[in-house]
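K.L.:
Data file final_14.cif (mmCIF, C-alpha atoms) is appended below.
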data_query
#
loop_
_atom_site.label_atom_id
_atom_site.label_comp_id
_atom_site.auth_asym_id
_atom_site.auth_seq_id
_atom_site.Cartn_x
_atom_site.Cartn_y
_atom_site.Cartn_z
CA MET H 1 63.35 290.48 90.27
CA VAL H 2 64.20 293.23 92.78
CA ASN H 3 66.11 290.77 94.96
CA ASP H 4 68.04 289.49 91.94
CA ARG H 5 69.03 293.03 91.00
CA ALA H 6 70.05 293.82 94.58
CA GLY H 7 72.13 290.65 94.74
CA GLY H 8 73.78 291.45 91.41
CA LEU H 9 74.60 294.95 92.62
CA ARG H 10 76.19 293.59 95.82
CA ASP H 11 78.30 291.16 93.79
CA ALA H 12 79.41 293.97 91.47
CA LEU H 13 80.35 296.23 94.39
CA SER H 14 82.29 293.37 96.02
CA ALA H 15 84.20 292.77 92.77
CA ILE H 16 85.00 296.49 92.49
CA GLU H 17 86.30 296.58 96.06
CA GLU H 18 88.74 293.77 95.27
CA ILE H 19 90.31 295.59 92.31
CA ASP H 20 93.78 296.80 93.22
CA GLU H 21 94.23 300.57 93.10
CA LEU H 22 97.84 300.16 92.02
CA GLU H 23 99.47 297.13 90.41
CA ILE H 24 102.77 296.12 92.02
CA TRP H 25 105.10 293.69 90.28
CA GLY H 26 108.25 291.80 91.19
CA ARG H 27 110.37 289.18 89.47
CA VAL H 28 111.26 285.57 90.25
CA ALA H 29 114.93 285.66 91.25
CA ALA H 30 115.45 281.99 92.19
CA VAL H 31 113.67 278.71 92.83
CA ARG H 32 115.03 276.42 95.56
CA GLY H 33 113.07 273.23 96.07
CA LEU H 34 109.51 274.39 96.77
CA LEU H 35 110.65 277.90 97.67
CA ILE H 36 110.38 280.82 95.24
CA GLU H 37 112.52 283.91 95.82
CA ILE H 38 110.94 287.11 94.51
CA ALA H 39 112.91 290.32 94.02
CA GLY H 40 111.23 293.69 93.81
CA PRO H 41 109.31 296.00 96.13
CA VAL H 42 109.35 293.71 99.16
CA SER H 43 108.02 296.55 101.33
CA ALA H 44 104.70 296.12 99.49
CA MET H 45 104.54 292.41 100.35
CA SER H 46 103.51 290.85 103.64
CA VAL H 47 103.58 287.41 105.20
CA GLY H 48 100.39 285.63 104.19
CA GLY H 49 99.91 287.84 101.15
CA ALA H 50 99.23 286.37 97.72
CA VAL H 51 101.44 286.63 94.64
CA GLU H 52 100.47 285.64 91.08
CA ILE H 53 103.43 284.42 89.00
CA ALA H 54 102.95 284.71 85.25
CA ILE H 55 104.08 281.70 83.21
CA ASP H 56 103.58 280.71 79.58
CA ARG H 57 100.40 278.69 80.24
CA GLY H 58 98.78 281.06 82.73
CA THR H 59 99.57 281.96 86.32
CA VAL H 60 100.75 280.20 89.48
CA LEU H 61 99.28 281.42 92.77
CA ALA H 62 101.76 281.58 95.65
CA GLU H 63 101.80 282.85 99.22
CA VAL H 64 104.54 284.90 100.89
CA ILE H 65 105.81 282.94 103.89
CA GLY H 66 108.90 284.98 104.84
CA PHE H 67 111.73 287.24 103.78
CA ALA H 68 115.48 286.83 103.31
CA GLY H 69 117.44 290.03 102.78
CA GLU H 70 115.90 291.98 99.89
CA ARG H 71 113.83 289.05 98.63
CA ALA H 72 110.43 287.66 99.52
CA LEU H 73 110.10 283.90 100.02
CA ALA H 74 106.95 282.34 98.60
CA MET H 75 105.47 278.85 98.23
CA PRO H 76 103.04 277.82 95.46
CA PHE H 77 99.48 276.56 95.83
CA GLY H 78 100.04 274.39 92.76
CA SER H 79 102.80 272.91 90.62
CA LEU H 80 106.04 274.81 90.00
CA GLU H 81 106.17 273.55 86.44
CA GLY H 82 106.73 276.46 84.07
CA VAL H 83 108.15 278.85 86.69
CA ARG H 84 111.54 280.21 85.64
CA ARG H 85 113.89 282.96 86.67
CA GLY H 86 112.61 286.35 85.52
CA CYS H 87 108.91 285.49 85.56
CA ALA H 88 106.78 288.46 86.49
CA ALA H 89 105.10 288.26 89.90
CA ARG H 90 102.07 290.46 90.65
CA VAL H 91 101.43 291.31 94.27
CA ARG H 92 97.77 290.95 95.19
CA SER H 93 96.58 293.41 97.82
CA ALA H 94 93.10 291.91 98.22
CA ALA H 95 92.54 289.91 101.41
CA SER H 96 92.65 286.13 101.03
CA GLY H 97 89.30 284.59 101.81
CA VAL H 98 85.94 283.42 100.50
CA ARG H 99 82.43 284.82 100.21
CA PRO H 100 80.19 281.87 101.19
CA CYS H 101 76.41 281.78 101.21
CA GLU H 102 73.66 279.27 102.03
CA ALA H 103 73.83 277.87 98.47
CA TRP H 104 77.20 276.29 99.31
CA LEU H 105 75.40 273.52 101.21
CA GLY H 106 75.68 270.21 99.40
CA ARG H 107 78.85 271.28 97.57
CA VAL H 108 82.45 270.04 97.56
CA VAL H 109 85.22 272.64 97.27
CA ASP H 110 89.01 272.69 97.23
CA ALA H 111 91.23 274.51 99.72
CA LEU H 112 90.72 277.85 97.94
CA GLY H 113 86.93 277.58 97.86
CA ARG H 114 86.70 276.53 94.21
CA PRO H 115 84.06 273.90 93.31
CA VAL H 116 85.40 270.43 92.48
CA ASP H 117 82.12 268.50 92.30
CA GLY H 118 81.21 269.34 88.70
CA LYS H 119 77.99 271.11 89.73
CA GLY H 120 78.90 274.47 88.27
CA PRO H 121 80.14 277.73 89.80
CA LEU H 122 79.41 278.69 93.39
CA PRO H 123 77.29 281.77 94.11
CA GLN H 124 79.10 284.40 96.15
CA GLY H 125 77.87 286.01 99.34
CA PRO H 126 78.25 289.69 100.27
CA THR H 127 80.75 289.28 103.13
CA LEU H 128 84.40 288.26 102.84
CA TYR H 129 85.49 285.64 105.38
CA PRO H 130 89.31 285.53 105.63
CA PHE H 131 91.05 282.18 105.61
CA ARG H 132 92.94 283.18 108.74
CA ARG H 133 90.95 284.90 111.43
CA ASP H 134 91.41 285.49 115.14
CA PRO H 135 89.06 283.57 117.46
CA PRO H 136 86.32 285.60 119.19
CA PRO H 137 87.56 287.33 122.37
CA ALA H 138 87.34 284.99 125.33
CA HIS H 139 85.48 287.52 127.51
CA SER H 140 82.73 288.07 124.92
CA ARG H 141 82.05 284.45 123.94
CA GLN H 142 78.94 282.67 125.10
CA ARG H 143 79.25 279.57 127.27
CA VAL H 144 78.81 276.14 125.72
CA GLY H 145 75.18 275.21 125.20
CA GLY H 146 73.17 272.13 126.02
CA PRO H 147 73.98 268.56 124.96
CA LEU H 148 74.28 267.96 121.21
CA ASP H 149 72.79 264.70 119.97
CA LEU H 150 75.46 263.10 117.75
CA GLY H 151 73.54 259.89 117.06
CA VAL H 152 76.38 257.62 118.29
CA ARG H 153 75.34 256.09 121.60
CA ALA H 154 78.87 255.45 122.92
CA ILE H 155 79.54 259.21 122.67
CA ASN H 156 76.05 260.39 123.62
CA THR H 157 75.96 258.43 126.88
CA PHE H 158 79.56 258.23 128.13
CA LEU H 159 81.09 261.31 126.42
CA THR H 160 78.16 263.70 126.12
CA THR H 161 79.20 266.65 123.98
CA CYS H 162 77.73 270.15 124.35
CA ARG H 163 77.04 272.65 121.59
CA GLY H 164 80.22 274.66 121.13
CA GLN H 165 82.48 272.02 122.67
CA ARG H 166 85.67 270.85 120.92
CA MET H 167 86.52 267.15 120.97
CA GLY H 168 89.41 265.20 119.52
CA ILE H 169 89.31 261.69 118.03
CA PHE H 170 92.70 260.07 118.61
CA ALA H 171 93.45 256.95 116.58
CA GLY H 172 96.00 255.22 114.40
CA SER H 173 95.50 254.65 110.70
CA GLY H 174 92.77 252.23 109.61
CA VAL H 175 90.89 252.15 112.92
CA GLY H 176 87.67 253.73 111.62
CA LYS H 177 87.97 257.50 112.10
CA SER H 178 86.43 258.38 108.73
CA VAL H 179 83.45 256.06 109.25
CA LEU H 180 82.84 257.57 112.69
CA LEU H 181 82.93 261.07 111.18
CA SER H 182 80.39 260.04 108.56
CA MET H 183 78.10 258.68 111.30
CA LEU H 184 78.30 262.00 113.13
CA ALA H 185 77.57 263.97 109.93
CA ARG H 186 74.58 261.75 109.11
CA HIS H 187 72.96 261.52 112.51
CA THR H 188 73.80 264.75 114.35
CA SER H 189 71.03 267.12 115.41
CA ALA H 190 73.21 270.10 114.46
CA ASP H 191 71.81 272.32 111.70
CA ILE H 192 74.84 272.16 109.40
CA ALA H 193 78.02 270.08 109.06
CA VAL H 194 81.28 271.44 107.65
CA ILE H 195 83.75 268.67 106.87
CA GLY H 196 87.43 269.27 106.12
CA LEU H 197 89.38 266.40 104.54
CA VAL H 198 92.98 267.56 105.01
CA GLY H 199 95.62 265.45 103.27
CA GLU H 200 93.07 262.72 102.48
CA ARG H 201 93.89 259.80 100.19
CA GLY H 202 92.63 260.66 96.72
CA ARG H 203 90.85 257.35 96.12
CA GLU H 204 88.93 257.64 99.40
CA VAL H 205 87.28 260.99 98.69
CA GLN H 206 84.49 259.60 96.47
CA GLU H 207 84.07 256.61 98.79
CA PHE H 208 83.56 258.97 101.73
CA LEU H 209 81.12 261.20 99.82
CA GLN H 210 79.02 258.43 98.27
CA ASP H 211 79.23 255.48 100.66
CA ASP H 212 79.91 257.01 104.08
CA LEU H 213 78.32 260.48 103.93
CA GLY H 214 75.59 259.72 101.39
CA GLU H 215 73.16 262.13 99.72
CA GLU H 216 71.29 262.86 102.94
CA GLY H 217 74.45 263.79 104.83
CA LEU H 218 75.89 265.82 101.94
CA ALA H 219 72.67 267.83 101.51
CA ARG H 220 73.29 269.71 104.76
CA SER H 221 77.08 269.75 104.57
CA VAL H 222 79.92 271.59 102.90
CA VAL H 223 82.98 269.41 102.23
CA VAL H 224 86.48 270.88 101.82
CA VAL H 225 88.99 268.55 100.16
CA ALA H 226 92.78 268.75 99.88
CA THR H 227 94.34 265.40 98.97
CA SER H 228 97.72 264.17 100.14
CA ASP H 229 99.40 264.87 96.77
CA GLU H 230 98.59 268.58 96.88
CA PRO H 231 101.18 271.16 98.03
CA ALA H 232 101.61 271.91 101.71
CA LEU H 233 99.94 275.32 101.35
CA MET H 234 96.77 273.71 99.96
CA ARG H 235 96.65 271.16 102.76
CA ARG H 236 97.11 273.85 105.37
CA ASN H 237 94.60 276.19 103.73
CA ALA H 238 91.96 273.43 103.68
CA ALA H 239 91.95 273.58 107.48
CA TYR H 240 91.67 277.37 107.48
CA LEU H 241 88.81 277.29 104.95
CA THR H 242 86.95 274.66 107.01
CA LEU H 243 86.91 277.01 109.99
CA ALA H 244 86.08 280.05 107.83
CA LEU H 245 82.97 278.33 106.45
CA SER H 246 82.00 277.23 109.96
CA GLU H 247 82.28 280.83 111.16
CA PHE H 248 79.99 282.00 108.36
CA PHE H 249 77.20 279.60 109.30
CA ARG H 250 77.77 280.26 113.02
CA ASP H 251 77.42 284.02 112.46
CA ALA H 252 74.10 283.29 110.72
CA GLY H 253 72.88 281.79 114.02
CA ALA H 254 73.20 278.11 113.08
CA SER H 255 74.41 275.22 115.21
CA VAL H 256 77.40 273.97 113.22
CA LEU H 257 79.21 270.65 113.57
CA THR H 258 82.74 271.06 112.22
CA MET H 259 84.73 267.90 111.52
CA MET H 260 88.34 267.87 110.39
CA ASP H 261 90.31 264.82 109.32
CA SER H 262 92.99 265.35 110.32
CA VAL H 263 94.75 267.93 112.49
CA THR H 264 97.93 265.87 112.22
CA ARG H 265 98.13 266.40 108.47
CA PHE H 266 97.60 270.13 109.03
CA ALA H 267 100.55 270.05 111.42
CA MET H 268 102.65 268.12 108.87
CA ALA H 269 101.85 270.72 106.20
CA GLN H 270 102.84 273.54 108.56
CA ARG H 271 106.03 271.65 109.37
CA ASP H 272 106.90 271.43 105.64
CA ILE H 273 106.34 275.17 105.29
CA GLY H 274 108.38 275.99 108.37
CA LEU H 275 111.31 273.82 107.35
CA ALA H 276 111.31 275.34 103.86
CA VAL H 277 111.59 278.86 105.27
CA GLY H 278 114.43 277.84 107.61
CA GLU H 279 112.77 277.24 110.98
CA PRO H 280 114.67 274.93 113.34
CA PRO H 281 113.10 271.48 113.78
CA THR H 282 112.12 270.46 117.30
CA ALA H 283 110.28 267.34 118.54
CA LYS H 284 109.98 264.82 115.66
CA GLY H 285 110.94 267.55 113.21
CA TYR H 286 107.96 269.77 114.00
CA THR H 287 108.82 273.47 113.88
CA PRO H 288 107.83 276.06 116.53
CA THR H 289 105.11 277.57 114.31
CA VAL H 290 103.27 274.23 114.33
CA PHE H 291 102.60 274.57 118.04
CA SER H 292 101.68 278.25 117.74
CA GLU H 293 99.28 277.66 114.81
CA LEU H 294 97.46 274.71 116.41
CA PRO H 295 95.74 276.75 119.17
CA ARG H 296 94.99 279.59 116.73
CA LEU H 297 93.20 277.10 114.48
CA LEU H 298 91.39 275.07 117.12
CA GLU H 299 90.27 278.05 119.21
CA ARG H 300 88.25 279.32 116.24
CA ALA H 301 85.74 276.56 117.00
CA GLY H 302 83.39 277.00 119.92
CA PRO H 303 80.52 279.30 120.91
CA GLY H 304 80.15 282.60 119.13
CA THR H 305 79.46 286.00 120.64
CA TRP H 306 75.75 285.61 119.89
CA GLU H 307 73.48 282.64 119.17
CA GLY H 308 75.47 280.43 116.79
CA THR H 309 77.93 277.73 117.86
CA VAL H 310 80.67 275.69 116.24
CA THR H 311 81.02 272.24 117.78
CA GLY H 312 84.40 270.91 116.70
CA ILE H 313 85.37 267.27 116.15
CA PHE H 314 89.05 267.02 115.17
CA THR H 315 90.79 263.75 114.39
CA VAL H 316 94.41 263.19 115.36
CA LEU H 317 96.38 260.51 113.53
CA VAL H 318 98.66 259.14 116.24
CA GLU H 319 101.88 257.88 114.65
CA GLY H 320 102.69 254.30 115.59
CA ASP H 321 99.67 254.27 117.94
CA ASP H 322 101.69 256.53 120.27
CA HIS H 323 99.10 258.73 121.97
CA ASN H 324 101.83 260.85 123.58
CA GLU H 325 103.53 261.96 120.35
CA PRO H 326 104.01 265.78 120.08
CA VAL H 327 100.94 266.74 118.02
CA ALA H 328 98.57 264.48 119.97
CA ASP H 329 99.93 265.81 123.25
CA ALA H 330 99.54 269.44 122.15
CA VAL H 331 96.02 268.98 120.74
CA ARG H 332 94.82 267.08 123.81
CA GLY H 333 95.80 270.07 125.97
CA ILE H 334 93.84 272.51 123.77
CA LEU H 335 90.56 270.65 123.25
CA ASP H 336 87.68 270.05 125.65
CA GLY H 337 87.93 266.28 125.64
CA HIS H 338 89.26 263.33 123.69
CA ILE H 339 87.83 260.17 122.17
CA VAL H 340 90.38 257.36 121.99
CA MET H 341 89.96 254.68 119.33
CA GLU H 342 92.07 251.55 119.77
CA ARG H 343 93.34 249.08 117.20
CA ALA H 344 92.88 246.14 119.58
CA ILE H 345 89.14 246.87 119.84
CA ALA H 346 88.83 247.20 116.06
CA GLU H 347 90.71 243.94 115.56
CA ARG H 348 88.09 242.02 117.53
CA GLY H 349 85.37 243.51 115.33
CA ARG H 350 83.70 246.10 117.52
CA TYR H 351 83.01 249.41 115.75
CA PRO H 352 83.25 252.23 116.52
CA ALA H 353 86.40 251.09 118.31
CA ILE H 354 86.14 253.63 121.16
CA ASN H 355 87.90 252.91 124.44
CA ILE H 356 85.46 254.47 126.89
CA LEU H 357 87.82 254.23 129.87
CA LYS H 358 90.58 256.22 128.13
CA SER H 359 88.19 258.82 126.71
CA VAL H 360 86.80 261.86 128.49
CA SER H 361 84.47 264.79 127.87
CA ARG H 362 85.46 267.76 130.00
CA THR H 363 81.88 269.00 130.20
CA MET H 364 80.85 265.85 132.08
CA PRO H 365 79.02 265.45 134.44
CA ARG H 366 77.36 268.85 133.82
CA SER H 367 76.40 267.84 130.29
CA CYS H 368 74.79 264.61 131.49
CA ASP H 369 71.20 264.38 132.70
CA PRO H 370 71.54 264.27 136.54
CA ALA H 371 68.94 261.50 136.68
CA HIS H 372 71.16 259.26 134.52
CA TRP H 373 74.60 260.21 135.86
CA PRO H 374 74.65 257.36 138.47
CA THR H 375 73.92 254.90 135.65
CA VAL H 376 76.86 256.21 133.60
CA VAL H 377 79.20 256.04 136.62
CA ARG H 378 78.15 252.46 137.41
CA ALA H 379 78.60 251.37 133.79
CA ARG H 380 82.11 252.85 133.78
CA GLN H 381 82.90 251.00 137.01
CA VAL H 382 81.73 247.71 135.49
CA LEU H 383 83.86 248.27 132.37
CA ALA H 384 86.88 249.22 134.53
CA THR H 385 86.50 246.11 136.69
CA TYR H 386 86.35 243.87 133.62
CA ALA H 387 89.35 245.63 132.04
CA ASP H 388 91.43 245.09 135.22
CA MET H 389 90.67 241.34 135.25
CA GLU H 390 90.34 240.75 131.50
CA GLU H 391 93.63 238.92 131.05
CA LEU H 392 92.93 236.52 133.92
CA ILE H 393 89.37 235.97 132.71
CA ARG H 394 90.48 235.12 129.16
CA LEU H 395 93.17 232.77 130.45
CA GLY H 396 90.62 231.00 132.69
CA ALA H 397 92.63 231.87 135.81
CA TYR H 398 89.75 233.63 137.53
CA ARG H 399 87.53 231.43 139.72
CA ALA H 400 83.84 232.36 139.71
CA GLY H 401 82.61 233.48 143.12
CA SER H 402 85.94 234.99 144.21
CA SER H 403 84.60 238.54 143.85
CA ALA H 404 81.00 239.72 143.52
CA GLU H 405 82.14 242.79 141.54
CA VAL H 406 84.10 240.72 139.03
CA ASP H 407 81.24 238.23 138.69
CA GLU H 408 78.88 241.11 137.91
CA ALA H 409 81.37 242.57 135.37
CA ILE H 410 81.65 239.19 133.61
CA ARG H 411 77.87 238.90 133.47
CA LEU H 412 77.24 242.45 132.18
CA PHE H 413 80.23 242.94 129.86
CA PRO H 414 78.80 241.19 126.74
CA ALA H 415 75.70 243.40 126.81
CA LEU H 416 77.74 246.57 127.47
CA ASP H 417 80.14 245.69 124.65
CA ALA H 418 77.19 245.16 122.31
CA PHE H 419 75.77 248.50 123.45
CA LEU H 420 79.01 250.26 122.42
CA ALA H 421 78.94 248.66 118.95
CA GLN H 422 76.90 250.43 116.28
CA SER H 423 76.59 250.18 112.50
CA LYS H 424 77.04 253.34 110.46
CA GLU H 425 73.39 253.31 109.29
CA GLU H 426 72.07 253.11 112.87
CA SER H 427 71.24 256.18 114.95
CA THR H 428 70.52 256.34 118.68
CA SER H 429 69.37 259.49 120.47
CA ILE H 430 70.67 260.57 123.87
CA GLY H 431 67.43 259.54 125.60
CA GLU H 432 67.36 256.14 123.90
CA GLY H 433 70.98 255.53 124.87
CA TYR H 434 70.31 256.23 128.55
CA ALA H 435 67.24 253.97 128.49
CA ARG H 436 69.16 251.06 126.94
CA LEU H 437 72.06 251.47 129.36
CA THR H 438 69.71 251.55 132.34
CA ASN H 439 68.00 248.39 131.09
CA ILE H 440 71.33 246.57 130.76
CA LEU H 441 72.46 247.44 134.28
CA SER H 442 69.08 246.63 135.84
CA ASN H 443 68.92 243.22 134.14
CA SER H 444 70.77 240.74 136.27
CA SER H 445 71.12 238.37 133.31
CA GLY H 446 72.86 241.09 131.24
CA VAL H 447 70.65 240.39 128.22
#
Please express the file's structure as structure tokens.

P.N.:
Amino acid sequence: MVNDRAGGLRDALSAIEEIDELEIWGRVAAVRGLLIEIAGPVSAMSVGGAVEIAIDRGTVLAEVIGFAGERALAMPFGSLEGVRRGCAARVRSAASGVRPCEAWLGRVVDALGRPVDGKGPLPQGPTLYPFRRDPPPAHSRQRVGGPLDLGVRAINTFLTTCRGQRMGIFAGSGVGKSVLLSMLARHTSADIAVIGLVGERGREVQEFLQDDLGEEGLARSVVVVATSDEPALMRRNAAYLTLALSEFFRDAGASVLTMMDSVTRFAMAQRDIGLAVGEPPTAKGYTPTVFSELPRLLERAGPGTWEGTVTGIFTVLVEGDDHNEPVADAVRGILDGHIVMERAIAERGRYPAINILKSVSRTMPRSCDPAHWPTVVRARQVLATYADMEELIRLGAYRAGSSAEVDEAIRLFPALDAFLAQSKEESTSIGEGYARLTNILSNSSGV
């Protein structure tokens, strides 16, 4: 009873703190496309601040994204239907953020932290976590921790990921990114998973939650959803909220696995916002703020200043399977490694369709058990030898006995390829993966 009263008192004090001391109002002066021009005391408004526009059926929440002369430029978080010239616009001085707590585990929320799973209201924690927050200072952050077991043997053995590391999954559409994310959420040894579905197809959300993630995976996860039909601000804010929730659990000392699908759709949302406010388009229409916001977002993942860590897995949707397009190129330079998924591998039925030779973890070989590092190097050499001669082998142009290395690669490749394949229900620990790989390479028959 005492704890309940104390919690109620904290909630009441938090609500009181958020009450504006003075109400400031403006008026809608014009609507151009998705842009709302607000006249009034622009000196009281700031970029990133919230504005509530009163309409006949309620209010429309908008965010100030710039200024033009004596007017503030805002974009809505919802539909513009009902907004007209002269509508009153109340400036909100309270910081934009959420107050998460442990009870958020197992819940699905929208980009503003509102529940969308039909399980009732979310309890509020005592501390406000802003949507946008600076990363911890580089000089005060801890170093990345030991290897994190992700349950996927292709990653555990060849691309060992440390606690607090940030990895990118680069793939075209329909190659299996979402299924791979669900495998990581199900099988990881991390304490908590925070999953951000940014610009996701609406019909796939329930499929991901029920079929891919499942009850077991959802029980220790928080899922943030912003579908592709939602405004650009919602899609962008879903990414910010994903990192804000991760920071909350990290500050509580937990090992957090943060997964975002996808960074590309975050960049597209930021591009829409930038173009609306008048920024000049650059490579493929992306505006300069896209490339300034990407590192600010991605650097929020990583080790904290104390015990907790945020291990980040960010998917990048490469347009036209071009792995050198602007967003992919920028993200690859920020993260601590990349996992490349290829359509050709998926087309021949091997999932997850990871190309080991084109993927890299920048914590290797330090993150790998020194006793098993020679095994990993030899397996990579075998795969590289087979890849170099694959076309000749498939055409029947290679004559057995011409090269001992190629003969060995031909003998071992079927077993190595089977090792890299894994169903989404299957889990393999780091130790088990090393043992199976050692057995394959030590077996001259490759069985």

K.L.:
Here is a test: counting all atoms listed in the file, which residue of H:Val179, H:Val144, H:Leu34, H:Ile354 is nearest to Leu209 (chain H)?

P.N.:
H:Val179

K.L.:
Mind pulling up the distance from CA of Gln210 (chain H) to CA of His338 (chain H)?

P.N.:
27.8 Å

K.L.:
Suppose a student applies the PyMOL selection byres ((chain H and resi 328) around 8) to this structure; what residues should they get, written as a ChimeraX atom specification?

P.N.:
/H:170,264,316-318,323-327,329-332

K.L.:
To verify the selection step, state as a list in words which residues the PyMOL selection byres ((chain H and resi 405-412) around 6) yields on this input.

P.N.:
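With the PyMOL selection byres ((chain H and resi 405-412) around 6) on this model, the match is Val382, Tyr386, Ser403, Ala404, Phe413, Pro414, Ala415 and Gly446 of chain H.
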
K.L.:
Between CA of Met389 (chain H) and CA of Glu347 (chain H), measure the distance and give it in Å to one decimal.

P.N.:
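It comes out at 19.9 Å.
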
K.L.:
With the PyMOL selection byres ((chain H and resi 357) around 12) as the selection, what would be picked from this file? Answer as a ChimeraX atom specification, please.

P.N.:
/H:154,158-159,338-342,354-356,358-361,376-377,379-388

K.L.:
Output as JSON lines one row per residue of region 251-370 of chain H within 12 Å of region 99-121 of chain H: the closest atom pair and its distance in Å to one decimal place, counting only C-alpha atoms, sorted by chain and residue number ascending.

P.N.:
{"residue": "H:Asp251", "atom": "CA", "partner": "H:Cys101", "partner_atom": "CA", "distance": 11.5}
{"residue": "H:Ala252", "atom": "CA", "partner": "H:Glu102", "partner_atom": "CA", "distance": 9.6}
{"residue": "H:Ala254", "atom": "CA", "partner": "H:Glu102", "partner_atom": "CA", "distance": 11.1}

K.L.:
Of the residues H:Thr258, H:Thr160, H:Thr375, H:Ser221, which is the one nearest to Leu441 (chain H), using only C-alpha atoms?

P.N.:
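Between H:Thr258, H:Thr160, H:Thr375, H:Ser221, the residue approaching Leu441 (chain H) most closely is H:Thr375.
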
K.L.:
Would you pick out the contacts of Pro135 (chain H) at 10 Å or less, using all atoms listed in the file, so that residues sharing its chain but fewer than 5 positions from it are not included, and give the list as a ChimeraX atom specification?

P.N.:
/H:141,247,295-302,304

K.L.:
One decimal, Å: what's the distance from CA of Ala185 (chain H) over to CA of Ala138 (chain H), could you say?

P.N.:
27.8 Å

K.L.:
I want to know what sits within 9 Å of Ser262 (chain H), based on only C-alpha atoms, with residues of the same chain fewer than 5 positions away left out; could you give that as a ChimeraX atom specification?

P.N.:
/H:196-200,239,267,314-317

K.L.:
Mind checking which residues fall within 12 Å of Ile155 (chain H), counting all atoms listed in the file, ignoring those fewer than 2 positions away in the same chain, and posting them as an mmCIF file with C-alpha atoms, in the coordinates of the input?

P.N.:
data_model
loop_
_atom_site.group_PDB
_atom_site.id
_atom_site.type_symbol
_atom_site.label_atom_id
_atom_site.label_comp_id
_atom_site.auth_asym_id
_atom_site.auth_seq_id
_atom_site.Cartn_x
_atom_site.Cartn_y
_atom_site.Cartn_z
ATOM 1 C CA PRO H 147 73.980 268.560 124.960
ATOM 2 C CA LEU H 148 74.280 267.960 121.210
ATOM 3 C CA ASP H 149 72.790 264.700 119.970
ATOM 4 C CA LEU H 150 75.460 263.100 117.750
ATOM 5 C CA GLY H 151 73.540 259.890 117.060
ATOM 6 C CA VAL H 152 76.380 257.620 118.290
ATOM 7 C CA ARG H 153 75.340 256.090 121.600
ATOM 8 C CA THR H 157 75.960 258.430 126.880
ATOM 9 C CA PHE H 158 79.560 258.230 128.130
ATOM 10 C CA LEU H 159 81.090 261.310 126.420
ATOM 11 C CA THR H 160 78.160 263.700 126.120
ATOM 12 C CA THR H 161 79.200 266.650 123.980
ATOM 13 C CA CYS H 162 77.730 270.150 124.350
ATOM 14 C CA MET H 167 86.520 267.150 120.970
ATOM 15 C CA GLY H 168 89.410 265.200 119.520
ATOM 16 C CA ILE H 169 89.310 261.690 118.030
ATOM 17 C CA LEU H 180 82.840 257.570 112.690
ATOM 18 C CA MET H 183 78.100 258.680 111.300
ATOM 19 C CA LEU H 184 78.300 262.000 113.130
ATOM 20 C CA THR H 188 73.800 264.750 114.350
ATOM 21 C CA ILE H 313 85.370 267.270 116.150
ATOM 22 C CA GLY H 337 87.930 266.280 125.640
ATOM 23 C CA HIS H 338 89.260 263.330 123.690
ATOM 24 C CA ILE H 339 87.830 260.170 122.170
ATOM 25 C CA VAL H 340 90.380 257.360 121.990
ATOM 26 C CA MET H 341 89.960 254.680 119.330
ATOM 27 C CA PRO H 352 83.250 252.230 116.520
ATOM 28 C CA ALA H 353 86.400 251.090 118.310
ATOM 29 C CA ILE H 354 86.140 253.630 121.160
ATOM 30 C CA ASN H 355 87.900 252.910 124.440
ATOM 31 C CA ILE H 356 85.460 254.470 126.890
ATOM 32 C CA SER H 359 88.190 258.820 126.710
ATOM 33 C CA VAL H 360 86.800 261.860 128.490
ATOM 34 C CA SER H 361 84.470 264.790 127.870
ATOM 35 C CA MET H 364 80.850 265.850 132.080
ATOM 36 C CA SER H 367 76.400 267.840 130.290
ATOM 37 C CA CYS H 368 74.790 264.610 131.490
ATOM 38 C CA VAL H 376 76.860 256.210 133.600
ATOM 39 C CA PHE H 419 75.770 248.500 123.450
ATOM 40 C CA LEU H 420 79.010 250.260 122.420
ATOM 41 C CA ALA H 421 78.940 248.660 118.950
ATOM 42 C CA GLN H 422 76.900 250.430 116.280
ATOM 43 C CA SER H 427 71.240 256.180 114.950
ATOM 44 C CA THR H 428 70.520 256.340 118.680
ATOM 45 C CA SER H 429 69.370 259.490 120.470
ATOM 46 C CA ILE H 430 70.670 260.570 123.870
ATOM 47 C CA GLY H 433 70.980 255.530 124.870
ATOM 48 C CA TYR H 434 70.310 256.230 128.550
#

K.L.:
Find the residue from H:Pro76, H:Gly26, H:Gly49, H:Pro303 that sits nearest to Ser93 (chain H); use all atoms listed in the file when measuring.

P.N.:
H:Gly49

K.L.:
Give me the residues near region 211-215 of chain H as JSON, numbers by chain, where near means some atom within 12 Å (using only C-alpha atoms) and where sequence neighbours in that chain fewer than 4 positions away do not count.

P.N.:
{"H": [105, 106, 107, 176, 177, 178, 179, 180, 181, 182, 183, 184, 185, 186, 187, 193, 194, 195, 204, 205, 206, 207, 219, 220, 221, 222, 223, 423, 424, 425]}

K.L.:
So which one's closest to Gln165 (chain H), H:Met234, H:Val310, H:Val31, H:Val98? Using only C-alpha atoms, please.

P.N.:
H:Val310

K.L.:
Find the residues with any atom within 12 Å of (115.2, 284.4, 102.6); use all atoms listed in the file and the coordinates as given in the file, and write the answer as JSON, numbers by chain.

P.N.:
{"H": [29, 30, 31, 32, 35, 36, 37, 38, 39, 42, 64, 65, 66, 67, 68, 69, 70, 71, 72, 73, 74, 276, 277, 278, 279]}

K.L.:
Given all atoms listed in the file as the basis, pick out the residue of H:Glu293, H:Glu307, H:Asp321, H:Asp417 nearest to Arg350 (chain H).

P.N.:
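Closest to Arg350 (chain H), using all atoms listed in the file: H:Asp417.
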